[in-house]
Every structure is written in structure tokens, then in C-alpha cells.
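K.L.:
Pasting protein23.txt below, which is compact mmCIF, C-alpha atoms and all ligand atoms.
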# COMPACT_ATOMS: atom_id res chain seq x y z
CA MET A 1 -14.89 -20.69 9.10
CA GLN A 2 -13.46 -23.66 7.20
CA SER A 3 -12.21 -21.42 4.36
CA GLN A 4 -10.49 -19.14 6.90
CA LYS A 5 -8.67 -22.16 8.39
CA ILE A 6 -7.50 -23.25 4.94
CA ALA A 7 -6.34 -19.74 4.10
CA LEU A 8 -4.36 -19.40 7.33
CA ARG A 9 -2.81 -22.81 6.81
CA SER A 10 -1.64 -21.80 3.33
CA VAL A 11 0.14 -18.81 4.89
CA GLU A 12 1.85 -21.04 7.45
CA LEU A 13 3.02 -23.31 4.67
CA GLY A 14 4.73 -20.38 3.03
CA ALA A 15 2.29 -19.82 0.14
CA ARG A 16 2.70 -16.28 -1.08
CA TYR A 17 -0.93 -15.32 -0.75
CA PRO A 18 -3.87 -16.73 1.12
CA ALA A 19 -6.90 -17.85 -0.88
CA VAL A 20 -9.77 -15.41 -0.45
CA GLY A 21 -12.25 -18.08 -1.53
CA LEU A 22 -13.68 -16.22 -4.55
CA PRO A 23 -12.25 -17.80 -7.72
CA GLU A 24 -12.37 -14.54 -9.67
CA ILE A 25 -10.44 -12.64 -6.96
CA ASP A 26 -7.98 -15.47 -6.37
CA GLY A 27 -7.34 -15.53 -10.14
CA ASP A 28 -6.59 -11.78 -10.07
CA HIS A 29 -4.23 -12.31 -7.13
CA ARG A 30 -2.36 -15.04 -8.98
CA ARG A 31 -1.90 -12.75 -11.99
CA ILE A 32 -0.67 -9.96 -9.70
CA ASN A 33 1.76 -12.40 -8.13
CA ASP A 34 3.12 -13.26 -11.61
CA GLU A 35 3.59 -9.55 -12.30
CA LEU A 36 5.37 -9.11 -8.98
CA GLN A 37 7.80 -11.88 -9.88
CA ARG A 38 8.54 -10.19 -13.22
CA LEU A 39 9.15 -6.88 -11.43
CA ALA A 40 11.46 -8.55 -8.88
CA ALA A 41 13.44 -10.17 -11.72
CA ALA A 42 13.84 -6.84 -13.54
CA VAL A 43 14.95 -5.07 -10.36
CA SER A 44 17.44 -7.81 -9.52
CA LEU A 45 19.00 -7.31 -12.99
CA ASP A 46 19.00 -3.51 -12.42
CA ASN A 47 17.32 -3.25 -15.82
CA ALA A 48 15.41 0.06 -15.96
CA ILE A 49 13.64 -0.70 -19.26
CA GLN A 50 12.36 -4.07 -18.05
CA ALA A 51 11.53 -2.58 -14.65
CA ALA A 52 9.45 0.19 -16.25
CA LYS A 53 7.57 -2.37 -18.37
CA ALA A 54 7.01 -4.63 -15.36
CA ARG A 55 5.88 -1.71 -13.16
CA ASN A 56 3.42 -0.47 -15.81
CA SER A 57 2.07 -3.93 -16.46
CA LEU A 58 1.71 -4.58 -12.72
CA LEU A 59 -0.12 -1.30 -12.11
CA ALA A 60 -2.49 -1.94 -15.03
CA GLU A 61 -3.32 -5.38 -13.63
CA VAL A 62 -3.69 -3.99 -10.12
CA ALA A 63 -5.98 -1.12 -11.23
CA VAL A 64 -8.33 -3.60 -12.96
CA HIS A 65 -8.25 -5.81 -9.86
CA PHE A 66 -8.99 -2.95 -7.46
CA ASP A 67 -11.97 -1.92 -9.64
CA HIS A 68 -13.12 -5.53 -9.53
CA GLU A 69 -13.01 -5.65 -5.72
CA GLU A 70 -14.66 -2.23 -5.40
CA ARG A 71 -17.51 -3.36 -7.69
CA LEU A 72 -18.06 -6.37 -5.41
CA MET A 73 -18.03 -4.08 -2.37
CA ARG A 74 -20.71 -1.84 -3.88
CA GLN A 75 -22.80 -4.87 -4.88
CA ILE A 76 -22.98 -6.09 -1.28
CA GLN A 77 -23.05 -2.58 0.27
CA TYR A 78 -19.88 -3.40 2.15
CA ALA A 79 -19.49 -1.28 5.28
CA ASP A 80 -15.68 -1.09 5.02
CA LEU A 81 -15.72 0.03 1.38
CA PRO A 82 -14.40 3.57 2.12
CA ARG A 83 -11.36 2.31 4.07
CA HIS A 84 -10.56 -0.52 1.65
CA GLN A 85 -10.94 1.82 -1.34
CA ARG A 86 -8.66 4.41 0.32
CA THR A 87 -5.89 1.82 0.72
CA HIS A 88 -6.22 0.91 -2.98
CA ALA A 89 -6.10 4.57 -4.07
CA ALA A 90 -3.13 5.35 -1.81
CA PHE A 91 -1.20 2.37 -3.17
CA LEU A 92 -1.74 3.38 -6.81
CA ALA A 93 -1.02 7.08 -6.20
CA GLY A 94 2.20 6.26 -4.34
CA ALA A 95 3.34 3.75 -6.95
CA ARG A 96 2.80 6.18 -9.83
CA ARG A 97 4.79 8.94 -8.15
CA ILE A 98 8.01 6.96 -7.71
CA PRO A 99 10.63 7.67 -10.39
CA ILE A 100 12.08 4.48 -11.84
CA ARG A 101 15.46 5.94 -12.81
CA LYS A 102 17.90 8.00 -10.76
CA SER A 103 17.59 10.69 -13.43
CA ARG A 104 16.32 10.87 -17.01
CA ALA A 105 19.78 10.35 -18.44
CA ASP A 106 20.71 7.71 -15.91
CA PRO A 107 19.87 4.08 -16.73
CA ILE A 108 20.30 3.05 -13.08
CA LEU A 109 17.19 2.37 -10.98
CA SER A 110 16.41 4.99 -8.33
CA SER A 111 16.89 3.86 -4.73
CA ARG A 112 13.26 4.88 -3.98
CA PHE A 113 12.06 2.54 -6.70
CA VAL A 114 14.24 -0.32 -5.47
CA ARG A 115 12.96 0.20 -1.90
CA TRP A 116 9.34 0.30 -3.14
CA ALA A 117 9.84 -2.87 -5.23
CA ALA A 118 11.44 -4.62 -2.25
CA ARG A 119 8.43 -3.91 0.00
CA ILE A 120 5.60 -4.41 -2.47
CA GLU A 121 5.08 -8.16 -1.97
CA GLU A 122 4.75 -7.57 1.77
CA TRP A 123 2.21 -4.80 1.07
CA PHE A 124 0.07 -7.17 -1.00
CA HIS A 125 0.39 -9.91 1.56
CA SER A 126 -0.75 -7.65 4.41
CA HIS A 127 -3.49 -6.10 2.28
CA MET A 128 -4.88 -9.51 1.40
CA LEU A 129 -4.91 -10.61 5.03
CA GLU A 130 -6.30 -7.34 6.43
CA GLU A 131 -8.71 -6.27 3.68
CA ASP A 132 -9.29 -8.91 0.99
CA LEU A 133 -9.93 -11.93 3.24
CA PRO A 134 -12.69 -10.10 5.19
CA LEU A 135 -14.14 -8.88 1.88
CA GLY A 136 -14.14 -12.44 0.51
CA ARG A 137 -15.96 -13.69 3.61
CA ALA A 138 -18.53 -10.89 3.33
CA VAL A 139 -19.18 -11.62 -0.37
CA LEU A 140 -19.55 -15.36 0.31
CA ALA A 141 -21.94 -14.65 3.21
CA SER A 142 -23.97 -12.28 1.05
CA ARG A 143 -24.18 -14.87 -1.75
CA ALA A 144 -25.23 -17.56 0.73
CA ARG A 145 -28.02 -15.31 2.07
CA SER A 146 -29.38 -14.56 -1.38
CA ARG A 147 -29.52 -18.23 -2.41
FE FE B 201 -8.13 -5.05 -1.89
FE FE B 202 -6.99 -7.92 -3.77
Is it possible to give me this structure as C-alpha cells?
Ligand SMILES: [Fe+2]
Ligand SMILES: [Fe+2]
P.N.:
Amino acid sequence: MQSQKIALRSVELGARYPAVGLPEIDGDHRRINDELQRLAAAVSLDNAIQAAKARNSLLAEVAVHFDHEERLMRQIQYADLPRHQRTHAAFLAGARRIPIRKSRADPILSSRFVRWAARIEEWFHSHMLEEDLPLGRAVLASRARSR
């Protein structure tokens, strides 16, 4: 309960992401946040080469992180695993489909990509509140029971 209060307070204070309470997951989230900032910088410069690098690097980090969370879910036989895993898979599938450039010959970012990049931080924020915080609580409860 205490950790939930702290997490909600960090949101009110304008922190980008609430702490889940598992150091390994919070570390992943911090690295994802760093990648998101790099992507935002590349998009703001309208630099397709940097944006492609940032997108690929972000998705690689995110794929490792989603595997990490899904391993934890299996370890504790988490009831909401199917739903949480579906949101991960849908995010990655959608992100990989979006063309970065308007066309192959065009160095300008596609408007779909810019829209996706503009909404992605909000997606992570909502996902962490709706899916990752409850997962963190369940993992902590499971660890406390097995002590
Ligand atoms: Fe997640
Ligand atoms: Fe997460």
C-alpha cells in the first residue's frame, strides 16, 4: 500500500513514470525513458536517419523489457498474463509496421511516424499505470509469501 502511495505521488509531482517497486523493472523503464527522449529529439529535428536508429534502439530495449516482464508473470502464474502480453505484442507489431519516411526516396519523416512518436510516451505512461504497477504489486506479494 505504501509503495502505491509513493508511486502515485511521483505521478502527481510530474515524474515521467511511476516506480513499480521492482528495481530490475524500474531500471528497464528508466532505460526506455532514455530511448524515448532520444527518439523525441530525432523527431523534433526531422532527422530520418537518427529517428530510424532511435526507433530501432527503442524497440530492441522494449522487446527485452517485455520478455523480462512476461518471464516474471510466468514465474508467479499471473492471472492477467494473457491480457498484459497481448498489449505488449500489439505495441511491438504496430510500431514495426509504421514507415519512418514518407517514401523511400524522401528523407522527410512520415506523418504516421510523427503521430506515433508523439503519442508513445503517453502509451508507456498508461501501460505502466494500468499493467506494470499491478504486476509489480503481484510480484512483490508473491515474493513476500515465499519468504
Ligand atoms: Fe508491461
Ligand atoms: Fe514495463
K.L.:
At a cut-off of 10 Å, using all atoms listed in the file, what residues contact region 59-73 of chain A? Leave out same-chain residues fewer than 3 positions from it and give the result as JSON, numbers by chain.
P.N.:
{"A": [24, 25, 27, 28, 29, 31, 32, 35, 53, 54, 55, 56, 76, 77, 78, 79, 80, 81, 82, 84, 85, 87, 88, 89, 91, 92, 95, 96, 132, 135, 136, 138, 139]}
K.L.:
Pick out the closest residue to Arg143 (chain A) from this set: A:Ala105, A:Leu22, A:Phe113, A:Ser126. Count only C-alpha atoms.
P.N.:
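Closest to Arg143 (chain A), using only C-alpha atoms: A:Leu22.
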K.L.:
From the options A:Leu36, A:Ala118, A:Met128, A:Ala42, which residue's atoms come nearest to ligand FE 201 (chain B), counting all atoms listed in the file?
P.N.:
A:Met128
K.L.:
Which is closest to Arg30 (chain A) among A:Leu129, A:Ala117, A:Ile98, A:Leu58, if we use all atoms listed in the file?
P.N.:
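Checking each candidate against Arg30 (chain A), we get A:Leu58 as the closest.
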K.L.:
For a quick check of understanding, using all atoms listed in the file, which of A:Arg97, A:Pro23, A:Arg104, A:Ile120 has the smallest distance to Gln37 (chain A)?
P.N.:
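Smallest separation from Gln37 (chain A) among the options: A:Ile120.
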K.L.:
What does the distance from CA of Arg83 (chain A) to CA of Leu133 (chain A) come to in Å, to one decimal?
P.N.:
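Calculated distance between CA of Arg83 (chain A) and CA of Leu133 (chain A) is 14.3 Å.
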K.L.:
Between CA of Val43 (chain A) and CA of His127 (chain A), what is the distance in Å, rounded to a tenth?
P.N.:
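Distance between the two atoms: 22.4 Å.
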K.L.:
I'd like the interatomic distance between CA of Glu122 (chain A) and CA of Gly94 (chain A), to a tenth of an Å.
P.N.:
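Between CA of Glu122 (chain A) and CA of Gly94 (chain A) the gap works out to 15.3 Å.
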K.L.:
Restricting the calculation to all atoms listed in the file: of A:Asp106, A:Glu131, A:Glu121, A:Asp46, which residue gets closest to Arg86 (chain A)?
P.N.:
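Of the candidates, the smallest distance to Arg86 (chain A) is held by A:Glu131.
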K.L.:
From the set A:Ser146, A:His125, A:Arg137, A:Ser103, which residue has the shortest atom-to-atom contact distance to ligand FE 202 (chain B), counting all atoms listed in the file?
P.N.:
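Using all atoms listed in the file, the shortest distance to ligand FE 202 (chain B) belongs to A:His125.
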